[in-house]
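Chemist: Input file: target-v3.cif. Contents: mmCIF, C-alpha atoms.
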data_structure
loop_
_atom_site.label_atom_id
_atom_site.label_comp_id
_atom_site.auth_asym_id
_atom_site.auth_seq_id
_atom_site.Cartn_x
_atom_site.Cartn_y
_atom_site.Cartn_z
CA MET M 1 -7.53 21.34 -17.93
CA SER M 2 -7.65 21.99 -14.19
CA ALA M 3 -4.94 20.52 -12.00
CA PRO M 4 -5.79 17.24 -10.28
CA VAL M 5 -6.94 17.47 -6.69
CA ILE M 6 -4.60 15.86 -4.14
CA GLN M 7 -6.70 14.74 -1.20
CA GLY M 8 -3.79 14.44 1.26
CA TRP M 9 -5.51 11.73 3.29
CA CYS M 10 -6.41 8.08 2.95
CA PRO M 11 -9.91 6.70 3.30
CA GLY M 12 -10.76 4.41 6.18
CA ALA M 13 -13.71 2.33 7.22
CA HIS M 14 -15.27 5.01 9.41
CA ARG M 15 -14.19 7.82 7.07
CA PRO M 16 -14.78 6.71 3.47
CA MET M 17 -13.84 8.79 0.44
CA MET M 18 -16.40 9.67 -2.21
CA ALA M 19 -15.50 8.72 -5.78
CA ALA M 20 -17.47 8.86 -8.98
CA ASP M 21 -18.59 5.25 -8.55
CA GLY M 22 -19.58 5.57 -4.88
CA LEU M 23 -17.79 5.40 -1.55
CA VAL M 24 -14.28 3.98 -1.17
CA VAL M 25 -14.08 2.12 2.16
CA ARG M 26 -10.63 1.04 3.30
CA VAL M 27 -10.23 -1.88 5.70
CA ARG M 28 -7.14 -2.12 7.91
CA PRO M 29 -6.99 -5.73 9.12
CA PRO M 30 -5.31 -5.99 12.52
CA PHE M 31 -1.60 -6.64 11.82
CA GLY M 32 -2.43 -7.05 8.13
CA ALA M 33 -3.94 -10.51 8.65
CA LEU M 34 -7.32 -11.96 7.71
CA THR M 35 -8.66 -15.27 8.94
CA PRO M 36 -10.40 -17.30 6.22
CA ALA M 37 -13.73 -16.45 7.88
CA GLN M 38 -12.94 -12.72 7.77
CA ALA M 39 -11.93 -12.97 4.10
CA LEU M 40 -15.29 -14.57 3.32
CA VAL M 41 -17.11 -11.73 5.08
CA LEU M 42 -15.11 -9.16 3.12
CA ALA M 43 -15.98 -10.91 -0.16
CA ASP M 44 -19.66 -10.99 0.76
CA LEU M 45 -19.70 -7.30 1.72
CA ALA M 46 -17.99 -6.32 -1.54
CA GLU M 47 -20.63 -8.17 -3.53
CA ARG M 48 -23.59 -7.03 -1.48
CA PHE M 49 -22.75 -3.35 -1.02
CA GLY M 50 -20.01 -2.55 -3.56
CA THR M 51 -18.76 -3.33 -7.04
CA GLY M 52 -17.86 -6.92 -6.20
CA TRP M 53 -14.13 -6.17 -6.22
CA VAL M 54 -11.61 -5.72 -3.43
CA GLU M 55 -8.54 -3.55 -4.04
CA LEU M 56 -5.12 -4.26 -2.51
CA THR M 57 -3.28 -1.09 -1.55
CA SER M 58 0.42 -0.24 -1.28
CA ARG M 59 -0.07 0.16 2.48
CA ALA M 60 -1.07 -3.47 3.00
CA ASN M 61 -4.76 -2.61 3.36
CA LEU M 62 -7.83 -3.64 1.42
CA GLN M 63 -10.63 -1.47 0.15
CA MET M 64 -14.05 -1.73 -1.43
CA ARG M 65 -15.24 0.67 -4.13
CA GLY M 66 -18.71 1.73 -5.14
CA VAL M 67 -20.13 1.22 -1.66
CA SER M 68 -23.77 2.26 -1.55
CA ASP M 69 -24.62 1.34 2.06
CA HIS M 70 -21.89 2.54 4.42
CA ALA M 71 -23.80 1.55 7.54
CA GLY M 72 -24.27 -1.97 6.24
CA VAL M 73 -20.56 -2.33 5.53
CA LEU M 74 -19.62 -1.03 8.98
CA ALA M 75 -21.97 -3.47 10.67
CA GLY M 76 -20.48 -6.39 8.73
CA LEU M 77 -16.89 -5.34 9.42
CA ALA M 78 -17.60 -4.88 13.13
CA GLU M 79 -19.18 -8.30 13.44
CA ALA M 80 -16.15 -9.86 11.72
CA GLY M 81 -13.65 -8.08 14.00
CA LEU M 82 -12.34 -5.87 11.19
CA LEU M 83 -13.41 -2.49 12.56
CA ASP M 84 -11.86 -0.41 15.31
CA ALA M 85 -14.51 1.12 17.55
CA ASP M 86 -12.69 4.47 17.60
CA PRO M 87 -12.48 6.16 14.16
CA GLN M 88 -9.50 8.32 15.17
CA VAL M 89 -7.53 5.35 16.48
CA GLU M 90 -8.26 3.39 13.31
CA ALA M 91 -6.93 6.23 11.17
CA ARG M 92 -3.51 6.37 12.83
CA ARG M 93 -2.73 2.68 13.17
CA ASN M 94 -0.71 2.75 9.97
CA ILE M 95 1.69 -0.11 10.61
CA VAL M 96 3.16 -2.15 7.75
CA LEU M 97 4.74 -5.49 8.61
CA ASP M 98 6.83 -7.91 6.57
CA PRO M 99 3.99 -10.26 5.54
CA LEU M 100 6.34 -13.20 4.94
CA ARG M 101 8.05 -12.98 8.32
CA VAL M 102 6.42 -15.38 10.75
CA GLY M 103 7.72 -15.08 14.28
CA ALA M 104 7.07 -13.90 17.79
CA GLN M 105 9.40 -10.89 17.61
CA GLN M 106 7.52 -9.10 14.84
CA ASP M 107 4.17 -9.94 16.45
CA ARG M 108 5.24 -8.52 19.81
CA ILE M 109 6.59 -5.33 18.25
CA ALA M 110 3.44 -4.87 16.18
CA ARG M 111 1.13 -5.34 19.15
CA ALA M 112 3.09 -2.87 21.26
CA LEU M 113 2.98 -0.29 18.46
CA TRP M 114 -0.73 -0.96 17.95
CA ASP M 115 -1.39 -0.24 21.61
CA GLY M 116 0.95 2.74 21.77
CA LEU M 117 -0.50 4.56 18.77
CA SER M 118 -3.98 4.32 20.27
CA ASP M 119 -3.01 6.95 22.84
CA PRO M 120 -4.72 10.33 22.25
CA GLU M 121 -1.33 12.08 22.28
CA PHE M 122 -0.88 10.82 18.71
CA ALA M 123 -4.20 12.23 17.51
CA ALA M 124 -2.44 14.79 15.26
CA MET M 125 -0.61 12.14 13.21
CA PRO M 126 -1.17 12.78 9.50
CA GLY M 127 -3.29 10.25 7.68
CA LYS M 128 -0.40 9.04 5.52
CA PHE M 129 2.19 8.91 8.29
CA GLY M 130 3.15 5.35 9.17
CA VAL M 131 5.52 2.89 10.82
CA VAL M 132 7.30 0.08 8.98
CA VAL M 133 8.47 -3.04 10.83
CA ASP M 134 11.07 -4.77 8.66
CA CYS M 135 13.54 -6.49 10.96
CA GLY M 136 14.54 -9.60 9.04
CA PRO M 137 17.97 -10.50 7.63
CA GLU M 138 16.83 -8.98 4.32
CA ARG M 139 14.61 -5.91 4.15
CA ARG M 140 11.58 -6.87 2.11
CA LEU M 141 9.98 -3.45 2.74
CA ALA M 142 12.91 -1.26 1.69
CA ASP M 143 10.82 0.43 -1.03
CA VAL M 144 7.62 0.65 1.02
CA SER M 145 6.56 4.09 2.23
CA GLY M 146 7.03 4.61 5.96
CA ASP M 147 8.09 7.47 8.21
CA VAL M 148 9.46 5.62 11.24
CA ARG M 149 11.23 2.35 10.51
CA ILE M 150 12.06 -0.50 12.88
CA GLU M 151 14.72 -2.52 11.08
CA ALA M 152 17.74 -4.66 11.94
CA ARG M 153 21.49 -4.59 11.64
CA GLY M 154 22.50 -8.21 11.84
CA ASP M 155 20.38 -9.52 14.70
CA ALA M 156 20.18 -6.17 16.51
CA LEU M 157 17.17 -3.90 16.15
CA ILE M 158 17.58 -0.32 14.93
CA ILE M 159 15.25 2.67 14.73
CA ARG M 160 15.60 4.84 11.64
CA ALA M 161 13.78 7.97 10.57
CA ASP M 162 12.79 7.84 6.92
CA GLY M 163 15.18 10.12 5.08
CA ALA M 164 18.13 9.22 7.31
CA GLU M 165 20.52 6.63 5.88
CA THR M 166 21.41 5.15 9.26
CA GLY M 167 19.64 4.44 12.51
CA VAL M 168 20.09 3.93 16.23
CA THR M 169 20.82 0.48 17.63
CA VAL M 170 18.61 -0.51 20.58
CA ALA M 171 18.94 -3.21 23.21
CA ASP M 172 15.62 -5.00 22.88
CA GLU M 173 12.07 -4.95 21.48
CA ALA M 174 10.62 -2.81 24.27
CA THR M 175 13.28 -0.16 23.77
CA ALA M 176 12.69 -0.27 20.01
CA VAL M 177 8.99 0.44 20.42
CA CYS M 178 9.61 3.21 22.97
CA LEU M 179 12.16 4.97 20.76
CA ALA M 180 9.92 4.62 17.69
CA LEU M 181 7.03 6.24 19.53
CA ASP M 182 9.39 8.95 20.84
CA LEU M 183 10.38 9.66 17.25
CA VAL M 184 6.71 10.14 16.34
CA ARG M 185 6.31 12.46 19.34
CA TRP M 186 9.30 14.53 18.22
CA PHE M 187 7.90 14.77 14.69
CA LEU M 188 4.60 16.10 16.01
CA ALA M 189 6.19 18.50 18.50
CA SER M 190 8.77 19.91 16.09
CA GLY M 191 6.37 21.12 13.43
CA GLY M 192 6.27 18.07 11.19
CA VAL M 193 2.55 18.53 10.59
CA GLY M 194 1.52 21.46 8.43
CA ALA M 195 -1.52 23.69 8.77
CA ASP M 196 -3.31 21.41 6.31
CA GLY M 197 -2.77 18.39 8.57
CA ARG M 198 -0.25 16.78 6.22
CA GLY M 199 3.34 15.85 6.89
CA ARG M 200 5.96 13.21 6.18
CA MET M 201 9.22 12.48 7.97
CA ARG M 202 11.47 12.61 4.90
CA ARG M 203 10.20 16.05 3.96
CA HIS M 204 10.49 17.29 7.54
CA LEU M 205 14.16 16.28 7.73
CA ARG M 206 14.95 18.60 4.85
CA ALA M 207 14.09 21.51 7.13
CA VAL M 208 15.15 20.39 10.61
CA ASP M 209 17.84 18.20 12.14
CA LEU M 210 17.13 15.05 14.09
CA PRO M 211 17.86 15.29 17.83
CA ALA M 212 20.93 13.36 18.95
CA GLN M 213 18.88 10.55 20.51
CA PHE M 214 17.61 9.54 17.05
CA VAL M 215 20.97 9.83 15.25
CA GLY M 216 23.02 6.66 14.88
CA ASP M 217 25.51 5.04 12.53
CA ALA M 218 23.86 1.63 12.12
CA GLN M 219 23.22 0.68 8.52
CA PRO M 220 20.11 -1.49 8.15
CA ASN M 221 20.35 -4.97 6.68
CA PRO M 222 20.49 -5.04 2.88
CA ALA M 223 17.34 -4.90 0.81
CA GLY M 224 16.05 -8.22 -0.44
CA PRO M 225 14.89 -9.04 -3.98
CA VAL M 226 11.70 -7.62 -5.44
CA MET M 227 8.79 -9.81 -4.42
CA VAL M 228 6.88 -11.55 -7.19
CA PRO M 229 3.99 -14.03 -7.29
CA GLY M 230 4.90 -17.62 -6.51
CA VAL M 231 5.53 -20.04 -3.66
CA VAL M 232 7.97 -19.11 -0.88
CA GLY M 233 8.27 -22.06 1.50
CA GLU M 234 4.74 -22.59 2.76
CA ILE M 235 3.51 -19.18 1.65
CA CYS M 236 1.78 -18.53 -1.67
CA LEU M 237 2.02 -14.99 -3.02
CA ILE M 238 -0.90 -14.18 -5.31
CA ALA M 239 -1.32 -10.99 -7.30
CA ALA M 240 -4.11 -9.62 -9.45
CA ALA M 241 -4.06 -7.19 -12.31
CA PHE M 242 -3.95 -3.62 -10.96
CA GLY M 243 -4.37 -4.92 -7.43
CA GLN M 244 -8.04 -5.76 -7.95
CA VAL M 245 -9.33 -9.10 -6.66
CA SER M 246 -12.89 -10.16 -7.39
CA ALA M 247 -15.05 -11.30 -4.52
CA GLN M 248 -15.15 -14.72 -6.17
CA ALA M 249 -11.36 -14.99 -6.25
CA LEU M 250 -11.06 -13.78 -2.65
CA ARG M 251 -13.60 -16.40 -1.65
CA GLY M 252 -11.50 -19.03 -3.40
CA MET M 253 -8.41 -17.97 -1.45
CA ALA M 254 -10.36 -18.13 1.80
CA GLN M 255 -11.42 -21.67 0.97
CA SER M 256 -7.99 -22.80 -0.25
CA GLY M 257 -6.93 -24.29 3.08
CA ALA M 258 -4.64 -21.37 3.98
CA ALA M 259 -4.38 -20.74 7.70
CA VAL M 260 -4.16 -16.96 7.29
CA LEU M 261 -4.39 -14.45 4.45
CA ARG M 262 -2.01 -11.51 4.81
CA ALA M 263 -2.31 -8.26 2.92
CA THR M 264 1.01 -7.10 1.50
CA PRO M 265 2.31 -3.68 0.38
CA TRP M 266 3.12 -5.24 -3.01
CA ARG M 267 -0.58 -5.44 -3.96
CA MET M 268 -0.53 -9.19 -3.42
CA LEU M 269 -2.10 -11.50 -0.89
CA ALA M 270 0.08 -13.96 1.01
CA LEU M 271 -1.59 -17.27 1.82
CA LEU M 272 0.16 -18.86 4.79
CA GLY M 273 0.31 -22.58 5.37
CA LEU M 274 0.15 -23.75 1.74
CA GLY M 275 3.00 -25.63 0.10
CA GLU M 276 1.65 -25.34 -3.43
CA MET M 277 -0.32 -22.77 -5.38
CA PRO M 278 -4.09 -23.31 -5.32
CA ASN M 279 -6.01 -23.30 -8.60
CA LEU M 280 -7.91 -20.02 -8.57
CA GLY M 281 -8.41 -19.50 -12.30
CA PRO M 282 -6.85 -17.12 -14.82
CA GLU M 283 -8.03 -13.93 -13.13
CA VAL M 284 -5.30 -14.00 -10.49
CA ILE M 285 -1.55 -13.83 -11.16
CA THR M 286 0.53 -16.69 -9.77
CA ARG M 287 3.65 -16.51 -11.98
CA ALA M 288 6.45 -13.98 -12.06
CA ASP M 289 6.47 -13.89 -15.88
CA ASP M 290 2.82 -12.83 -16.28
CA PRO M 291 2.85 -9.77 -18.60
CA ARG M 292 0.18 -8.07 -16.47
CA LEU M 293 2.88 -7.45 -13.87
CA ARG M 294 4.57 -5.04 -16.29
CA VAL M 295 1.67 -2.57 -16.27
CA LEU M 296 0.32 -0.26 -13.59
CA ALA M 297 -2.96 1.59 -13.87
CA CYS M 298 -5.18 3.65 -11.59
CA THR M 299 -8.97 3.43 -11.40
CA GLY M 300 -9.45 5.84 -14.30
CA ALA M 301 -12.81 6.86 -15.71
CA PRO M 302 -15.61 6.49 -14.90
CA GLY M 303 -14.70 5.49 -11.33
CA CYS M 304 -12.45 8.48 -10.63
CA PRO M 305 -13.89 11.98 -11.16
CA GLN M 306 -10.45 13.38 -12.00
CA ALA M 307 -9.84 11.02 -14.92
CA SER M 308 -11.09 11.66 -18.43
CA VAL M 309 -9.89 8.33 -19.82
CA GLU M 310 -10.48 4.65 -19.18
CA THR M 311 -7.23 3.07 -17.96
CA ARG M 312 -7.34 -0.55 -16.89
CA ALA M 313 -8.85 -2.19 -19.96
CA LEU M 314 -6.32 -0.27 -22.07
CA ALA M 315 -3.45 -1.35 -19.82
CA THR M 316 -4.57 -4.96 -20.11
CA ARG M 317 -4.58 -4.73 -23.91
CA LEU M 318 -1.12 -3.17 -23.95
CA ALA M 319 0.51 -5.52 -21.41
CA ALA M 320 1.79 -8.00 -23.98
CA LYS M 321 3.55 -5.16 -25.82
CA VAL M 322 5.69 -4.24 -22.81
CA PRO M 323 9.12 -5.91 -23.07
CA GLN M 324 10.54 -8.13 -20.33
CA GLY M 325 11.97 -5.93 -17.62
CA GLY M 326 9.93 -2.96 -18.81
CA LEU M 327 7.16 -1.05 -17.08
CA LEU M 328 4.14 0.79 -18.44
CA HIS M 329 2.19 3.19 -16.24
CA VAL M 330 -1.28 4.23 -17.41
CA SER M 331 -2.46 7.19 -15.33
CA GLY M 332 -5.90 8.72 -15.59
CA CYS M 333 -4.52 12.15 -14.68
CA ALA M 334 -1.25 13.80 -13.66
CA LYS M 335 -1.47 12.71 -10.00
CA GLY M 336 0.02 9.27 -10.63
CA CYS M 337 -1.90 7.44 -7.90
CA ALA M 338 -0.95 3.97 -9.14
CA HIS M 339 2.77 4.77 -9.34
CA PRO M 340 3.94 8.11 -7.91
CA GLY M 341 7.29 8.02 -9.65
CA ALA M 342 9.11 7.54 -12.93
CA ALA M 343 8.54 4.68 -15.36
CA PRO M 344 10.10 3.85 -18.73
CA VAL M 345 6.77 4.67 -20.39
CA THR M 346 3.94 6.64 -18.79
CA LEU M 347 0.63 7.40 -20.48
CA VAL M 348 -1.26 10.31 -18.90
CA GLY M 349 -4.92 10.95 -19.59
CA ARG M 350 -5.84 14.45 -20.68
CA ALA M 351 -9.16 15.56 -22.16
CA GLY M 352 -10.05 12.07 -23.36
CA ARG M 353 -6.67 11.35 -24.96
CA PHE M 354 -3.17 10.50 -23.75
CA ASP M 355 0.15 12.24 -23.36
CA LEU M 356 3.28 10.06 -23.47
CA VAL M 357 6.16 10.56 -21.04
CA ARG M 358 9.35 8.55 -21.43
CA ASP M 359 11.53 7.83 -18.38
CA GLY M 360 9.48 10.12 -16.22
CA ALA M 361 6.47 10.58 -13.96
CA PRO M 362 2.95 11.66 -14.96
CA TRP M 363 3.63 15.29 -14.04
CA ASP M 364 6.82 15.49 -16.13
CA ARG M 365 7.08 16.97 -19.61
CA ALA M 366 5.47 14.79 -22.29
CA GLN M 367 7.30 13.88 -25.48
CA GLU M 368 4.03 13.35 -27.36
CA THR M 369 0.57 14.71 -26.63
CA GLY M 370 -3.05 14.16 -27.65
CA LEU M 371 -2.65 10.50 -28.63
CA ALA M 372 -5.76 8.43 -29.31
CA PRO M 373 -6.00 5.09 -27.45
CA GLU M 374 -5.81 3.11 -30.69
CA ALA M 375 -2.49 4.78 -31.56
CA LEU M 376 -0.67 3.67 -28.41
CA ALA M 377 0.31 0.06 -29.16
CA ASP M 378 3.25 1.07 -31.36
CA LYS M 379 4.52 3.63 -28.85
CA ILE M 380 5.45 1.48 -25.87
CA GLY M 381 7.74 -1.25 -27.16
#
Take the structure in the file and write it out as structure tokens.
Modeler:
Amino acid sequence: MSAPVIQGWCPGAHRPMMAADGLVVRVRPPFGALTPAQALVLADLAERFGTGWVELTSRANLQMRGVSDHAGVLAGLAEAGLLDADPQVEARRNIVLDPLRVGAQQDRIARALWDGLSDPEFAAMPGKFGVVVDCGPERRLADVSGDVRIEARGDALIIRADGAETGVTVADEATAVCLALDLVRWFLASGGVGADGRGRMRRHLRAVDLPAQFVGDAQPNPAGPVMVPGVVGEICLIAAAFGQVSAQALRGMAQSGAAVLRATPWRMLALLGLGEMPNLGPEVITRADDPRLRVLACTGAPGCPQASVETRALATRLAAKVPQGGLLHVSGCAKGCAHPGAAPVTLVGRAGRFDLVRDGAPWDRAQETGLAPEALADKIG
């Protein structure tokens, strides 16, 4: 079997990615937030031009699959205020915010970063290079991928390069944004981007040392607990199996009375301004003990051309077999798009069957190979 193809870039709205089921169009809502009206537009576009489903990504974006009319989608997104006029600017505004943190400080930092990254000097930023803003008393985004991190030590802001354990304390928000952008400039100028246009900060720091201006001894605030579906104050966190929300469910969230819908990097939507969970039916996940939270699965066949196996229906059938505290990863190929790391049990599609990896990632050595789907239930407990 040929090795899976790693694209090395993320789709956008202007630059969709072709999959076996049609175009994948990713939407980056400004600051990760959708108004109810914008959520309704997104649901309508998914039904009219796509598969009728909206995917929640680990970068706090949303995407439609199976898009047949790209121009129609772009027109709808533009009218709703969900499309940047400049495709290059859209591609590099990779900013992930703490979706549960409501306050002027985060908003001001995010807006300044948004404006700063629009400058043409950042045109060479790799498609997966991003900034994380996580400056609360607990870091909710500690496990979220990001190359330049604006965090906090106590009440003070710090700038930290991903891959460095400590960061530099700064005096105020404006200085934080300036130093963060300077860190991006250094990354670009010091060879962080390869000939293929790819590059990540953590990998770059294995080869070069940070300049003194980016080296500090400030430990960021401790990481907070893993986020799960439920009610946090006046915010409802709602998940869906494999990060897929139907247009109907998204429409229900938009009509729930929430003031804002925020995309999260945990493949959940945060509904702000609700004190209790709305009734959206069994499709969505509103409880932390839902067994579907113990399984991860990529698109699989037939939607992904690199997969030879169907993944999500199988993962749904196996979810109840996964013990409390366990995790099952069903990957259509060895890339591991749904979970690029180790899991207690990983099933990897190969030539229409599955290989089983224990305590490893999809590309690690399998303990069993060539398993039929019907033989898997007794293997994962």
Chemist: If we count all atoms listed in the file and set the cut-off at 12 Å, which residues sit around M:Met18, ignoring sequence neighbours fewer than 4 positions away in its own chain? Please answer as number ranges by chain.
Modeler: M: 7, 10-12, 22-26, 64-68, 70, 303-305
Chemist: Using only C-alpha atoms, which residues of stretch 190-230 of chain M come within 8 Å of stretch 287-297 of chain M, and what is the closest atom pair for each, with the distance in Å to one decimal? Give it as a Markdown table, sorted by chain and residue number.
Modeler:
| residue | atom | partner | partner_atom | distance |
| --- | --- | --- | --- | --- |
| M:Val228 | CA | M:Ala288 | CA | 5.5 |
| M:Pro229 | CA | M:Arg287 | CA | 5.3 |
| M:Gly230 | CA | M:Arg287 | CA | 5.7 |
Chemist: Starting from the displayed file, determine the output of the PyMOL selection byres ((chain M and resi 350-360) around 12) and express the residue list as a ChimeraX atom specification.
Modeler: /M:1-4,300-302,306-311,314,326-336,339-349,361-381
Chemist: Suppose we keep C-alpha atoms; can you now write the selection as a tab-separated table (two decimals), keeping the file's coordinate frame?
Modeler:
chain	number	residue	atom	x	y	z
M	1	MET	CA	-7.53	21.34	-17.93
M	2	SER	CA	-7.65	21.99	-14.19
M	3	ALA	CA	-4.94	20.52	-12.00
M	4	PRO	CA	-5.79	17.24	-10.28
M	300	GLY	CA	-9.45	5.84	-14.30
M	301	ALA	CA	-12.81	6.86	-15.71
M	302	PRO	CA	-15.61	6.49	-14.90
M	306	GLN	CA	-10.45	13.38	-12.00
M	307	ALA	CA	-9.84	11.02	-14.92
M	308	SER	CA	-11.09	11.66	-18.43
M	309	VAL	CA	-9.89	8.33	-19.82
M	310	GLU	CA	-10.48	4.65	-19.18
M	311	THR	CA	-7.23	3.07	-17.96
M	314	LEU	CA	-6.32	-0.27	-22.07
M	326	GLY	CA	9.93	-2.96	-18.81
M	327	LEU	CA	7.16	-1.05	-17.08
M	328	LEU	CA	4.14	0.79	-18.44
M	329	HIS	CA	2.19	3.19	-16.24
M	330	VAL	CA	-1.28	4.23	-17.41
M	331	SER	CA	-2.46	7.19	-15.33
M	332	GLY	CA	-5.90	8.72	-15.59
M	333	CYS	CA	-4.52	12.15	-14.68
M	334	ALA	CA	-1.25	13.80	-13.66
M	335	LYS	CA	-1.47	12.71	-10.00
M	336	GLY	CA	0.02	9.27	-10.63
M	339	HIS	CA	2.77	4.77	-9.34
M	340	PRO	CA	3.94	8.11	-7.91
M	341	GLY	CA	7.29	8.02	-9.65
M	342	ALA	CA	9.11	7.54	-12.93
M	343	ALA	CA	8.54	4.68	-15.36
M	344	PRO	CA	10.10	3.85	-18.73
M	345	VAL	CA	6.77	4.67	-20.39
M	346	THR	CA	3.94	6.64	-18.79
M	347	LEU	CA	0.63	7.40	-20.48
M	348	VAL	CA	-1.26	10.31	-18.90
M	349	GLY	CA	-4.92	10.95	-19.59
M	361	ALA	CA	6.47	10.58	-13.96
M	362	PRO	CA	2.95	11.66	-14.96
M	363	TRP	CA	3.63	15.29	-14.04
M	364	ASP	CA	6.82	15.49	-16.13
M	365	ARG	CA	7.08	16.97	-19.61
M	366	ALA	CA	5.47	14.79	-22.29
M	367	GLN	CA	7.30	13.88	-25.48
M	368	GLU	CA	4.03	13.35	-27.36
M	369	THR	CA	0.57	14.71	-26.63
M	370	GLY	CA	-3.05	14.16	-27.65
M	371	LEU	CA	-2.65	10.50	-28.63
M	372	ALA	CA	-5.76	8.43	-29.31
M	373	PRO	CA	-6.00	5.09	-27.45
M	374	GLU	CA	-5.81	3.11	-30.69
M	375	ALA	CA	-2.49	4.78	-31.56
M	376	LEU	CA	-0.67	3.67	-28.41
M	377	ALA	CA	0.31	0.06	-29.16
M	378	ASP	CA	3.25	1.07	-31.36
M	379	LYS	CA	4.52	3.63	-28.85
M	380	ILE	CA	5.45	1.48	-25.87
M	381	GLY	CA	7.74	-1.25	-27.16
Chemist: Write out as a list in words which residues come within 10 Å of M:Gly52 when counting all atoms listed in the file, dropping same-chain ones fewer than 2 positions away.
Modeler: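 In the requested format, the answer is Leu42, Ala43, Asp44, Leu45, Ala46, Glu47, Arg48, Phe49, Gly50, Val54, Met64, Arg65, Gly66, Val67, Val245, Ser246, Ala247 and Gln248 of chain M.
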Chemist: Could you please take those selected residues and save C-alpha atoms as an mmCIF file, in the coordinates of the input?
Modeler:
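Everything below was put into selection-v6.cif:
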data_model
loop_
_atom_site.group_PDB
_atom_site.id
_atom_site.type_symbol
_atom_site.label_atom_id
_atom_site.label_comp_id
_atom_site.auth_asym_id
_atom_site.auth_seq_id
_atom_site.Cartn_x
_atom_site.Cartn_y
_atom_site.Cartn_z
ATOM 1 C CA LEU M 42 -15.110 -9.160 3.120
ATOM 2 C CA ALA M 43 -15.980 -10.910 -0.160
ATOM 3 C CA ASP M 44 -19.660 -10.990 0.760
ATOM 4 C CA LEU M 45 -19.700 -7.300 1.720
ATOM 5 C CA ALA M 46 -17.990 -6.320 -1.540
ATOM 6 C CA GLU M 47 -20.630 -8.170 -3.530
ATOM 7 C CA ARG M 48 -23.590 -7.030 -1.480
ATOM 8 C CA PHE M 49 -22.750 -3.350 -1.020
ATOM 9 C CA GLY M 50 -20.010 -2.550 -3.560
ATOM 10 C CA VAL M 54 -11.610 -5.720 -3.430
ATOM 11 C CA MET M 64 -14.050 -1.730 -1.430
ATOM 12 C CA ARG M 65 -15.240 0.670 -4.130
ATOM 13 C CA GLY M 66 -18.710 1.730 -5.140
ATOM 14 C CA VAL M 67 -20.130 1.220 -1.660
ATOM 15 C CA VAL M 245 -9.330 -9.100 -6.660
ATOM 16 C CA SER M 246 -12.890 -10.160 -7.390
ATOM 17 C CA ALA M 247 -15.050 -11.300 -4.520
ATOM 18 C CA GLN M 248 -15.150 -14.720 -6.170
#
Chemist: Starting from the PyMOL selection byres ((chain M and resi 263) around 9), expand the selection into actual residues of this file and give them as a list in words.
Modeler: Pro29, Gly32, Ala33, Leu34, Leu56, Thr57, Arg59, Ala60, Asn61, Leu62, Pro99, Leu261, Arg262, Thr264, Pro265, Trp266, Arg267, Met268, Leu269 and Ala270 of chain M
